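Q: Handing over target11.pdb, PDB, C-alpha atoms.
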```pdb
ATOM      1  CA  MET A   1     126.156 110.945  70.927
ATOM      2  CA  ARG A   2     126.181 107.136  71.011
ATOM      3  CA  ARG A   3     127.213 106.739  67.379
ATOM      4  CA  PRO A   4     130.384 108.915  67.701
ATOM      5  CA  LEU A   5     131.323 106.936  70.828
ATOM      6  CA  GLY A   6     130.917 103.725  68.863
ATOM      7  CA  TYR A   7     133.111 104.977  66.017
ATOM      8  CA  ALA A   8     135.746 106.184  68.490
ATOM      9  CA  SER A   9     135.795 102.761  70.162
ATOM     10  CA  PHE A  10     136.317 101.059  66.805
ATOM     11  CA  VAL A  11     139.182 103.413  65.927
ATOM     12  CA  LEU A  12     140.861 102.747  69.275
ATOM     13  CA  ALA A  13     140.315  98.979  68.811
ATOM     14  CA  VAL A  14     142.071  99.097  65.414
ATOM     15  CA  ALA A  15     144.904 101.139  66.903
ATOM     16  CA  ALA A  16     145.326  98.667  69.783
ATOM     17  CA  THR A  17     145.322  95.724  67.352
ATOM     18  CA  LEU A  18     147.969  97.328  65.131
ATOM     19  CA  ALA A  19     150.070  98.135  68.181
ATOM     20  CA  SER A  20     149.785  94.527  69.338
ATOM     21  CA  VAL A  21     150.886  93.215  65.934
ATOM     22  CA  GLY A  22     153.735  95.721  65.834
ATOM     23  CA  ILE A  23     155.031  94.724  69.253
ATOM     24  CA  ARG A  24     154.996  91.026  68.351
ATOM     25  CA  ALA A  25     156.860  91.739  65.099
ATOM     26  CA  THR A  26     159.509  94.125  66.423
ATOM     27  CA  THR A  27     159.781  93.075  70.138
ATOM     28  CA  PRO A  28     160.845  96.577  71.274
ATOM     29  CA  LEU A  29     160.843  95.607  74.957
ATOM     30  CA  ALA A  30     163.420  92.838  74.462
ATOM     31  CA  SER A  31     166.245  95.384  74.304
ATOM     32  CA  LEU A  32     165.378  96.600  77.820
ATOM     33  CA  GLY A  33     166.492  93.327  79.300
ATOM     34  CA  LEU A  34     163.263  92.714  81.220
ATOM     35  CA  PRO A  35     162.938  89.139  82.475
ATOM     36  CA  ALA A  36     160.205  86.774  81.375
ATOM     37  CA  VAL A  37     157.507  85.871  83.892
ATOM     38  CA  ALA A  38     156.178  82.293  83.866
ATOM     39  CA  GLY A  39     157.710  81.869  80.421
ATOM     40  CA  VAL A  40     155.947  84.952  78.998
ATOM     41  CA  THR A  41     158.184  87.689  77.607
ATOM     42  CA  PRO A  42     157.364  91.373  78.205
ATOM     43  CA  ASP A  43     156.665  91.879  74.498
ATOM     44  CA  SER A  44     154.257  88.951  74.416
ATOM     45  CA  ALA A  45     152.483  90.159  77.567
ATOM     46  CA  ALA A  46     152.147  93.704  76.229
ATOM     47  CA  ALA A  47     150.855  92.461  72.860
ATOM     48  CA  THR A  48     148.300  90.211  74.588
ATOM     49  CA  LEU A  49     147.043  93.017  76.838
ATOM     50  CA  LEU A  50     146.685  95.356  73.854
ATOM     51  CA  LEU A  51     144.746  92.683  71.958
ATOM     52  CA  ALA A  52     142.468  92.157  74.985
ATOM     53  CA  ALA A  53     141.886  95.927  75.117
ATOM     54  CA  ALA A  54     141.069  95.841  71.398
ATOM     55  CA  VAL A  55     138.430  93.154  72.040
ATOM     56  CA  VAL A  56     136.829  95.265  74.793
ATOM     57  CA  LEU A  57     136.884  98.425  72.660
ATOM     58  CA  ALA A  58     135.472  96.652  69.602
ATOM     59  CA  THR A  59     132.677  95.098  71.678
ATOM     60  CA  ASN A  60     131.929  98.473  73.252
ATOM     61  CA  GLY A  61     131.772 100.108  69.823
ATOM     62  CA  ALA A  62     129.460  97.375  68.527
ATOM     63  CA  TYR A  63     127.203  97.872  71.562
ATOM     64  CA  PHE A  64     126.893 101.612  70.979
ATOM     65  CA  LEU A  65     126.136 101.228  67.275
ATOM     66  CA  VAL A  66     123.680  98.346  67.670
ATOM     67  CA  SER A  67     121.857 100.053  70.553
ATOM     68  CA  THR A  68     121.572 103.266  68.522
ATOM     69  CA  VAL A  69     119.956 101.421  65.616
ATOM     70  CA  ALA A  70     117.807  99.109  67.762
ATOM     71  CA  THR A  71     116.367 101.888  69.928
ATOM     72  CA  ARG A  72     115.709 104.376  67.151
ATOM     73  CA  GLY A  73     112.092 105.491  67.319
ATOM     74  CA  ALA A  74     111.381 103.339  70.384
ATOM     75  CA  SER A  75     109.615 104.652  73.473
ATOM     76  CA  THR A  76     111.538 105.463  76.648
ATOM     77  CA  ARG A  77     110.399 102.198  78.243
ATOM     78  CA  ARG A  78     111.386 100.136  75.205
ATOM     79  CA  ARG A  79     114.790 101.833  74.921
ATOM     80  CA  HIS A  80     115.530 100.975  78.563
ATOM     81  CA  GLU A  81     114.662  97.306  78.046
ATOM     82  CA  LEU A  82     116.650  96.992  74.799
ATOM     83  CA  ARG A  83     119.741  98.634  76.246
ATOM     84  CA  ASN A  84     119.685  96.333  79.262
ATOM     85  CA  ALA A  85     119.449  93.244  77.046
ATOM     86  CA  LEU A  86     122.184  94.462  74.691
ATOM     87  CA  ARG A  87     124.428  95.452  77.608
ATOM     88  CA  LEU A  88     124.172  91.949  79.032
ATOM     89  CA  ALA A  89     124.784  90.250  75.678
ATOM     90  CA  PHE A  90     127.772  92.367  74.657
ATOM     91  CA  GLY A  91     129.209  92.212  78.178
ATOM     92  CA  ALA A  92     129.180  88.405  78.000
ATOM     93  CA  LEU A  93     130.822  88.503  74.550
ATOM     94  CA  ALA A  94     133.525  90.874  75.790
ATOM     95  CA  LEU A  95     134.267  88.654  78.800
ATOM     96  CA  LEU A  96     134.483  85.553  76.622
ATOM     97  CA  GLY A  97     136.716  87.346  74.110
ATOM     98  CA  VAL A  98     139.113  88.697  76.742
ATOM     99  CA  LEU A  99     139.441  85.295  78.428
ATOM    100  CA  GLY A 100     140.096  83.683  75.055
ATOM    101  CA  VAL A 101     142.804  86.215  74.191
ATOM    102  CA  LEU A 102     144.492  85.964  77.595
ATOM    103  CA  THR A 103     144.518  82.153  77.644
ATOM    104  CA  ASP A 104     144.715  81.555  73.883
ATOM    105  CA  GLN A 105     142.512  78.497  74.449
ATOM    106  CA  TRP A 106     138.976  79.235  73.313
ATOM    107  CA  VAL A 107     137.637  75.718  73.813
ATOM    108  CA  GLY A 108     139.231  75.517  77.222
ATOM    109  CA  VAL A 109     137.672  78.831  78.174
ATOM    110  CA  LEU A 110     134.213  77.571  77.256
ATOM    111  CA  VAL A 111     134.676  74.379  79.251
ATOM    112  CA  SER A 112     136.056  76.293  82.215
ATOM    113  CA  LEU A 113     133.160  78.716  82.130
ATOM    114  CA  GLY A 114     130.757  75.790  82.238
ATOM    115  CA  VAL A 115     132.471  74.260  85.253
ATOM    116  CA  VAL A 116     132.735  77.586  87.025
ATOM    117  CA  GLY A 117     129.115  78.281  86.191
ATOM    118  CA  PHE A 118     127.927  75.323  88.249
ATOM    119  CA  ALA A 119     129.943  76.485  91.243
ATOM    120  CA  VAL A 120     128.771  80.075  90.909
ATOM    121  CA  THR A 121     125.155  78.924  90.715
ATOM    122  CA  PHE A 122     125.344  77.596  94.262
ATOM    123  CA  ALA A 123     127.349  80.522  95.605
ATOM    124  CA  LEU A 124     125.223  83.264  94.046
ATOM    125  CA  GLN A 125     121.721  81.876  94.104
ATOM    126  CA  GLN A 126     119.890  85.115  94.899
ATOM    127  CA  PRO A 127     121.680  87.307  92.306
ATOM    128  CA  LEU A 128     121.180  84.628  89.660
ATOM    129  CA  LEU A 129     117.526  84.303  90.632
ATOM    130  CA  SER A 130     117.184  88.071  90.264
ATOM    131  CA  LEU A 131     118.781  87.846  86.816
ATOM    132  CA  VAL A 132     116.296  85.142  85.814
ATOM    133  CA  ALA A 133     113.508  87.361  87.136
ATOM    134  CA  TRP A 134     114.844  90.216  84.993
ATOM    135  CA  PHE A 135     114.379  88.009  81.908
ATOM    136  CA  TYR A 136     110.848  87.241  83.096
ATOM    137  CA  ILE A 137     110.089  90.954  83.592
ATOM    138  CA  THR A 138     111.477  91.771  80.147
ATOM    139  CA  VAL A 139     109.510  89.040  78.370
ATOM    140  CA  LYS A 140     106.219  88.865  80.293
ATOM    141  CA  ARG A 141     106.171  92.533  81.385
ATOM    142  CA  PRO A 142     104.236  92.356  84.652
ATOM    143  CA  TYR A 143     105.319  95.991  84.939
ATOM    144  CA  ARG A 144     107.382  98.501  82.988
ATOM    145  CA  ILE A 145     109.126 101.815  83.548
ATOM    146  CA  GLY A 146     106.580 104.376  84.717
ATOM    147  CA  ASP A 147     104.024 101.899  86.077
ATOM    148  CA  ARG A 148     102.736 102.275  89.625
ATOM    149  CA  VAL A 149     103.163  98.927  91.364
ATOM    150  CA  GLU A 150     103.250  97.170  94.696
ATOM    151  CA  ILE A 151     105.902  94.463  95.092
ATOM    152  CA  ASP A 152     106.195  92.511  98.326
ATOM    153  CA  GLY A 153     104.561  95.354 100.270
ATOM    154  CA  GLU A 154     106.649  98.122  98.659
ATOM    155  CA  LYS A 155     104.528 100.558  96.670
ATOM    156  CA  GLY A 156     105.775 103.132  94.176
ATOM    157  CA  ASP A 157     106.408 104.198  90.594
ATOM    158  CA  VAL A 158     108.958 102.148  88.640
ATOM    159  CA  ILE A 159     111.872 104.359  87.612
ATOM    160  CA  GLU A 160     114.403 101.690  86.634
ATOM    161  CA  VAL A 161     114.638  97.943  86.071
ATOM    162  CA  ASP A 162     118.220  96.665  86.187
ATOM    163  CA  PHE A 163     119.555  93.132  85.966
ATOM    164  CA  LEU A 164     119.276  92.563  89.716
ATOM    165  CA  VAL A 165     116.913  95.162  91.213
ATOM    166  CA  THR A 166     113.829  97.219  90.443
ATOM    167  CA  THR A 167     113.959 100.819  91.660
ATOM    168  CA  LEU A 168     110.744 102.462  92.871
ATOM    169  CA  TRP A 169     109.896 106.090  93.626
ATOM    170  CA  GLU A 170     108.056 105.376  96.861
ATOM    171  CA  ILE A 171     104.478 106.417  97.509
ATOM    172  CA  ASN A 172     102.677 106.080 100.828
ATOM    173  CA  GLY A 173     105.327 104.497 103.040
ATOM    174  CA  SER A 174     105.834 105.495 106.665
ATOM    175  CA  LEU A 175     106.144 109.225 105.963
ATOM    176  CA  VAL A 176     103.029 110.097 103.953
ATOM    177  CA  SER A 177      99.650 108.647 103.020
ATOM    178  CA  THR A 178      96.892 108.938 100.388
ATOM    179  CA  ASN A 179      99.118 107.746  97.548
ATOM    180  CA  GLN A 180     101.483 110.710  97.743
ATOM    181  CA  PRO A 181     105.228 110.405  96.914
ATOM    182  CA  SER A 182     107.444 110.294  99.988
ATOM    183  CA  GLY A 183     110.604 111.362  98.165
ATOM    184  CA  ARG A 184     112.354 108.120  99.057
ATOM    185  CA  VAL A 185     113.746 105.615  96.542
ATOM    186  CA  VAL A 186     113.208 101.919  97.253
ATOM    187  CA  THR A 187     115.154  99.100  95.576
ATOM    188  CA  VAL A 188     113.465  95.703  95.397
ATOM    189  CA  PRO A 189     115.373  92.556  94.312
ATOM    190  CA  ASN A 190     113.981  91.229  91.058
ATOM    191  CA  SER A 191     113.773  87.785  92.658
ATOM    192  CA  LYS A 192     110.748  89.054  94.638
ATOM    193  CA  VAL A 193     108.791  89.044  91.377
ATOM    194  CA  LEU A 194     109.005  85.247  91.257
ATOM    195  CA  SER A 195     107.924  84.688  94.856
ATOM    196  CA  SER A 196     105.588  87.585  95.744
ATOM    197  CA  ASP A 197     102.321  89.069  94.566
ATOM    198  CA  ILE A 198     102.649  91.973  92.142
ATOM    199  CA  VAL A 199      99.965  94.651  91.930
ATOM    200  CA  ASN A 200     100.105  96.917  88.891
ATOM    201  CA  PHE A 201      97.922 100.017  89.266
ATOM    202  CA  GLY A 202      96.741 101.027  85.818
ATOM    203  CA  GLY A 203      99.091  98.758  83.941
ATOM    204  CA  ALA A 204      98.685  96.176  81.182
ATOM    205  CA  GLY A 205      97.682  98.825  78.654
ATOM    206  CA  PHE A 206      94.864 100.288  80.780
ATOM    207  CA  PRO A 207      96.088 103.345  82.732
ATOM    208  CA  TYR A 208      92.998 103.713  84.962
ATOM    209  CA  VAL A 209      91.752 102.313  88.251
ATOM    210  CA  TRP A 210      88.405 102.326  90.003
ATOM    211  CA  ASN A 211      88.302 104.574  93.045
ATOM    212  CA  GLU A 212      85.770 105.356  95.781
ATOM    213  CA  LEU A 213      84.870 108.434  97.770
ATOM    214  CA  ALA A 214      82.749 108.019 100.895
ATOM    215  CA  VAL A 215      80.447 110.708 102.328
ATOM    216  CA  GLN A 216      78.489 110.161 105.540
ATOM    217  CA  VAL A 217      75.000 111.632 105.770
ATOM    218  CA  ALA A 218      72.164 111.401 108.281
ATOM    219  CA  TYR A 219      69.194 109.080 107.861
ATOM    220  CA  GLU A 220      66.970 112.146 107.323
ATOM    221  CA  THR A 221      68.755 112.881 104.038
ATOM    222  CA  ASP A 222      66.954 112.629 100.720
ATOM    223  CA  LEU A 223      69.069 109.752  99.492
ATOM    224  CA  ALA A 224      67.867 109.897  95.873
ATOM    225  CA  PHE A 225      68.800 113.579  95.689
ATOM    226  CA  ALA A 226      72.159 112.995  97.372
ATOM    227  CA  ARG A 227      73.070 110.127  95.080
ATOM    228  CA  GLU A 228      72.081 112.033  91.941
ATOM    229  CA  THR A 229      74.023 115.059  93.131
ATOM    230  CA  MET A 230      77.188 113.023  93.652
ATOM    231  CA  VAL A 231      76.874 111.367  90.250
ATOM    232  CA  GLY A 232      76.259 114.743  88.596
ATOM    233  CA  VAL A 233      79.289 116.318  90.229
ATOM    234  CA  ALA A 234      81.460 113.404  89.121
ATOM    235  CA  ASP A 235      80.061 113.592  85.585
ATOM    236  CA  ASP A 236      80.765 117.317  85.345
ATOM    237  CA  TYR A 237      84.296 117.019  86.697
ATOM    238  CA  LEU A 238      85.515 113.833  85.010
ATOM    239  CA  GLY A 239      83.758 114.605  81.753
ATOM    240  CA  ASP A 240      84.516 112.762  78.532
ATOM    241  CA  GLU A 241      87.745 111.255  79.882
ATOM    242  CA  MET A 242      85.867 108.763  82.026
ATOM    243  CA  ALA A 243      83.503 107.887  79.167
ATOM    244  CA  ALA A 244      86.472 107.143  76.908
ATOM    245  CA  ALA A 245      88.103 105.138  79.696
ATOM    246  CA  ILE A 246      84.934 103.083  80.150
ATOM    247  CA  GLU A 247      84.945 102.176  76.446
ATOM    248  CA  HIS A 248      88.587 101.209  76.687
ATOM    249  CA  TYR A 249      87.844  99.169  79.810
ATOM    250  CA  ARG A 250      85.035  97.309  78.055
ATOM    251  CA  ARG A 251      87.264  96.492  75.092
ATOM    252  CA  ARG A 252      89.913  95.111  77.429
ATOM    253  CA  LEU A 253      87.311  92.961  79.205
ATOM    254  CA  SER A 254      85.964  91.653  75.906
ATOM    255  CA  GLU A 255      89.409  90.185  75.174
ATOM    256  CA  THR A 256      89.180  88.021  78.283
ATOM    257  CA  ALA A 257      86.818  85.331  79.564
ATOM    258  CA  VAL A 258      85.593  87.630  82.347
ATOM    259  CA  GLU A 259      81.937  88.614  82.119
ATOM    260  CA  LEU A 260      81.352  91.843  83.995
ATOM    261  CA  GLU A 261      78.829  94.646  83.725
ATOM    262  CA  VAL A 262      80.475  98.060  83.602
ATOM    263  CA  ALA A 263      78.416 101.167  84.381
ATOM    264  CA  GLU A 264      78.667 104.001  81.853
ATOM    265  CA  ARG A 265      78.614 106.701  84.512
ATOM    266  CA  PRO A 266      79.894 107.087  88.054
ATOM    267  CA  SER A 267      77.729 105.210  90.524
ATOM    268  CA  VAL A 268      76.876 105.522  94.223
ATOM    269  CA  ASN A 269      76.559 102.586  96.586
ATOM    270  CA  VAL A 270      74.683 102.955  99.858
ATOM    271  CA  VAL A 271      75.998 101.405 103.078
ATOM    272  CA  GLN A 272      73.887 101.597 106.226
ATOM    273  CA  THR A 273      75.426 101.821 109.682
ATOM    274  CA  GLU A 274      73.924 102.312 113.140
ATOM    275  CA  SER A 275      74.378 106.098 113.199
ATOM    276  CA  TRP A 276      74.491 107.264 109.586
ATOM    277  CA  VAL A 277      74.291 106.319 105.922
ATOM    278  CA  GLU A 278      77.504 106.152 103.927
ATOM    279  CA  LEU A 279      77.318 107.070 100.255
ATOM    280  CA  ARG A 280      80.239 105.679  98.272
ATOM    281  CA  LEU A 281      80.883 107.289  94.915
ATOM    282  CA  ARG A 282      82.619 104.923  92.489
ATOM    283  CA  TYR A 283      84.448 106.351  89.492
ATOM    284  CA  LEU A 284      87.322 105.674  87.108
ATOM    285  CA  THR A 285      90.512 107.736  87.299
ATOM    286  CA  ARG A 286      94.229 107.654  86.654
ATOM    287  CA  PRO A 287      96.129 106.284  89.673
ATOM    288  CA  ARG A 288      98.661 109.126  89.881
ATOM    289  CA  GLY A 289      95.975 111.790  89.985
ATOM    290  CA  ALA A 290      93.607 109.850  92.235
ATOM    291  CA  THR A 291      94.234 111.960  95.343
ATOM    292  CA  ASN A 292      93.713 115.278  93.555
ATOM    293  CA  VAL A 293      90.554 113.973  91.910
ATOM    294  CA  ARG A 294      89.234 112.710  95.243
ATOM    295  CA  ASN A 295      89.913 116.062  96.946
ATOM    296  CA  GLU A 296      88.242 118.058  94.190
ATOM    297  CA  LEU A 297      85.182 115.801  94.072
ATOM    298  CA  TYR A 298      84.821 115.873  97.852
ATOM    299  CA  GLU A 299      84.903 119.672  97.989
ATOM    300  CA  ARG A 300      82.397 120.036  95.164
ATOM    301  CA  ILE A 301      80.032 117.470  96.667
ATOM    302  CA  LEU A 302      80.136 119.137 100.092
ATOM    303  CA  ASP A 303      79.439 122.520  98.489
ATOM    304  CA  GLU A 304      76.380 121.076  96.746
ATOM    305  CA  PHE A 305      75.163 119.413  99.946
ATOM    306  CA  ASN A 306      75.669 122.564 102.026
ATOM    307  CA  ASP A 307      73.669 124.543  99.463
ATOM    308  CA  ASN A 308      70.719 122.213 100.096
ATOM    309  CA  PRO A 309      70.473 121.849 103.899
ATOM    310  CA  ASP A 310      66.773 121.038 103.655
ATOM    311  CA  ARG A 311      67.506 117.889 101.624
ATOM    312  CA  VAL A 312      70.899 116.801 102.947
ATOM    313  CA  SER A 313      71.899 116.642 106.604
ATOM    314  CA  PHE A 314      74.957 115.263 108.294
ATOM    315  CA  PRO A 315      75.126 112.969 111.332
ATOM    316  CA  LEU A 316      75.717 114.616 114.686
ATOM    317  CA  GLY A 317      77.882 113.468 117.579
ATOM    318  CA  ARG A 318      81.445 112.443 118.097
ATOM    319  CA  ASN A 319      81.206 108.885 116.812
ATOM    320  CA  ARG A 320      81.927 109.746 113.179
TER     321      ARG A 320
END
```
Show this structure as structure tokens.

A:
Amino acid sequence: MRRPLGYASFVLAVAATLASVGIRATTPLASLGLPAVAGVTPDSAAATLLLAAAVVLATNGAYFLVSTVATRGASTRRRHELRNALRLAFGALALLGVLGVLTDQWVGVLVSLGVVGFAVTFALQQPLLSLVAWFYITVKRPYRIGDRVEIDGEKGDVIEVDFLVTTLWEINGSLVSTNQPSGRVVTVPNSKVLSSDIVNFGGAGFPYVWNELAVQVAYETDLAFARETMVGVADDYLGDEMAAAIEHYRRRLSETAVELEVAERPSVNVVQTESWVELRLRYLTRPRGATNVRNELYERILDEFNDNPDRVSFPLGRNR
């Protein structure tokens, strides 16, 4: 679809150029007796406008063709980034070309743009800062389309990164909890990336996060049995996916200067309180499915505990 649009733009650009040349050569509007405005005849004005339209159409056609070639075989994320960069570049070329055609002073246009640029910098600091941040996001990639992030307190899945704003599909928020989508769309100025902390859940080439599930049991519980049961349930449910993720996690750590021991299986940490013992199951999972995994593990663990009331008991009272 993009290639035909590019060809059509080129055809229209050629037609507009020929029409502009024809009007300058034949001056068909002179016979109508229309007056000149600021020393510019109607034929000259019409020819200039057609030539400016030809510049816009030719630039648009070049954008469509270049973007088609550049994004061929690229992932959805990469296509989005390339199209944004090409849109900005060709938009700037079109603006420069149109101003040059309208004023017929290319050097003057460049100088004027430089002078105006200094004034605009002070008037539009935040938008320009967001544009600079867009370059930073594109080059350094603190997050990409599809990543789950938290930016300046706003948490969600990235659905679009434009020149000025990042659009998130909100999770949590004031309507829901437990990492569930709220259905709301949040736009965050890109400038926040340069001044705020960014949390990327499962980004940087490693689409997993560590998660915990806490179960409270009484002090009379056979803790060794309870811990082994929780680890076994997690092993059975998460299966080979977690083992593969652990290997990936270790490879990622080996590329850094961080020295960290990583358990091969899910583990359980014990936390003592005044009224009960809290068993915290730690496991690796994908951030988007974390809530479903937590729910399933919790139900399976409770079923196992309830099947062994002589070895696992729960704290009584209303203080839980």

Q: Restricting the calculation to all atoms listed in the file: of A:Leu12, A:Leu65, A:Ala89, A:Leu302, which residue gets closest to Leu51 in chain A?

A: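 Checking each candidate against Leu51 in chain A, we get A:Leu12 as the closest.
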
Q: Under the rule that all atoms listed in the file are counted, which of A:Asp235, A:Asp147, A:Gly73, A:Ala263 is the nearest residue to Glu247 in chain A?

A: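 Residue with the minimum atom-to-atom distance to Glu247 in chain A: A:Ala263.
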
Q: Take CA of Val185 in chain A and CA of Trp169 in chain A and report the distance between them in Å, one decimal.

A: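 Atom-to-atom, CA of Val185 in chain A and CA of Trp169 in chain A are spaced 4.9 Å apart.
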
Q: Carefully work through the PyMOL selection byres ((chain A and resi 133) around 7) for this structure and note down the residues it includes, as a PyMOL selection string.

A: chain A and resi 129-132+134-137+190-191+193-194

Q: Determine the nearest neighbour of Ala46 in chain A from the options A:Val271, A:Ala214, A:Leu29, A:Val231, counting only C-alpha atoms.

A: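 Closest to Ala46 in chain A of all the choices is A:Leu29.
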
Q: Residues near range 282-296 of chain A, anyone? I mean within 7 Å using all atoms listed in the file, not counting same-chain ones fewer than 6 positions away, as a ChimeraX atom specification.

A: /A:178-179,201-202,207-213,242,266-268

Q: In Å to one decimal, how far is CA of Ala70 in chain A from CA of Ala13 in chain A?

A: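 Result for CA of Ala13 in chain A versus CA of Ala70 in chain A: 22.5 Å, one decimal.
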
Q: Can you pull out every residue within 10 Å of Leu102 in chain A, counting only C-alpha atoms, but drop anything in the same chain fewer than 6 positions away, and send it as a list in words?

A: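 Neighbouring residues, sequence-local ones excluded: Ala45, Thr48, Leu49, Leu51, Ala52 and Val109 of chain A.
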
Q: Which is closer to Arg265 in chain A than all the others in A:Ser44, A:Glu170, A:Val98, A:Asp240, using all atoms listed in the file?

A: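 That would be A:Asp240, the residue with the smallest distance to Arg265 in chain A.
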
Q: Can you pull out every residue within 12 Å of Leu57 in chain A, counting all atoms listed in the file, but drop anything in the same chain fewer than 6 positions away, and send it as a PyMOL selection string?

A: chain A and resi 5-17+50-51+63-64+90-91+93-95+97-98

Q: Kindly resolve the PyMOL selection byres ((chain A and resi 43) around 10) on the present coordinates and return the residues as a ChimeraX atom specification.

A: /A:20,22-30,34,36,40-42,44-49

Q: What would the list of residues within 12 Å of (80.4, 123.6, 94.7) (file frame) look like as an mmCIF file with C-alpha atoms, in the frame of the given file, if all atoms listed in the file are what count?

A:
```
data_model
loop_
_atom_site.group_PDB
_atom_site.id
_atom_site.type_symbol
_atom_site.label_atom_id
_atom_site.label_comp_id
_atom_site.auth_asym_id
_atom_site.auth_seq_id
_atom_site.Cartn_x
_atom_site.Cartn_y
_atom_site.Cartn_z
ATOM 1 C CA THR A 229 74.023 115.059 93.131
ATOM 2 C CA MET A 230 77.188 113.023 93.652
ATOM 3 C CA GLY A 232 76.259 114.743 88.596
ATOM 4 C CA VAL A 233 79.289 116.318 90.229
ATOM 5 C CA ALA A 234 81.460 113.404 89.121
ATOM 6 C CA ASP A 236 80.765 117.317 85.345
ATOM 7 C CA TYR A 237 84.296 117.019 86.697
ATOM 8 C CA GLU A 296 88.242 118.058 94.190
ATOM 9 C CA LEU A 297 85.182 115.801 94.072
ATOM 10 C CA TYR A 298 84.821 115.873 97.852
ATOM 11 C CA GLU A 299 84.903 119.672 97.989
ATOM 12 C CA ARG A 300 82.397 120.036 95.164
ATOM 13 C CA ILE A 301 80.032 117.470 96.667
ATOM 14 C CA LEU A 302 80.136 119.137 100.092
ATOM 15 C CA ASP A 303 79.439 122.520 98.489
ATOM 16 C CA GLU A 304 76.380 121.076 96.746
ATOM 17 C CA PHE A 305 75.163 119.413 99.946
ATOM 18 C CA ASN A 306 75.669 122.564 102.026
ATOM 19 C CA ASP A 307 73.669 124.543 99.463
ATOM 20 C CA ASN A 308 70.719 122.213 100.096
#
```

Q: Under the rule that all atoms listed in the file are counted, which of A:Gln216, A:Ser177, A:Thr256, A:Asn172 is the nearest residue to Thr273 in chain A?

A: A:Gln216

Q: I'd like the neighbourhood of Leu223 in chain A as a count of residues only, where a residue qualifies if any of its atoms comes within 12 Å (using only C-alpha atoms), though same-chain residues fewer than 5 positions away should be ignored.

A: 22

Q: Under the rule that all atoms listed in the file are counted, which of A:Leu96, A:Thr166, A:Ile151, A:Glu274 is the nearest residue to Ser195 in chain A?

A: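 Answer, going by the shortest atom-to-atom distance: A:Ile151.
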
Q: Contacts of Gly153 in chain A at 10 Å or less, counting all atoms listed in the file, minus same-chain residues fewer than 3 places along, as a list in words?

A: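 Contacts, in chain order: Val149, Glu150, Gly156, Gly173, Ser196, Asp197, Ile198 and Val199 of chain A.
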
Q: Would you compute the distance between CA of Leu164 in chain A and CA of Val101 in chain A? Give it in Å to one decimal.

A: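 Separation between CA of Leu164 in chain A and CA of Val101 in chain A: 28.9 Å.
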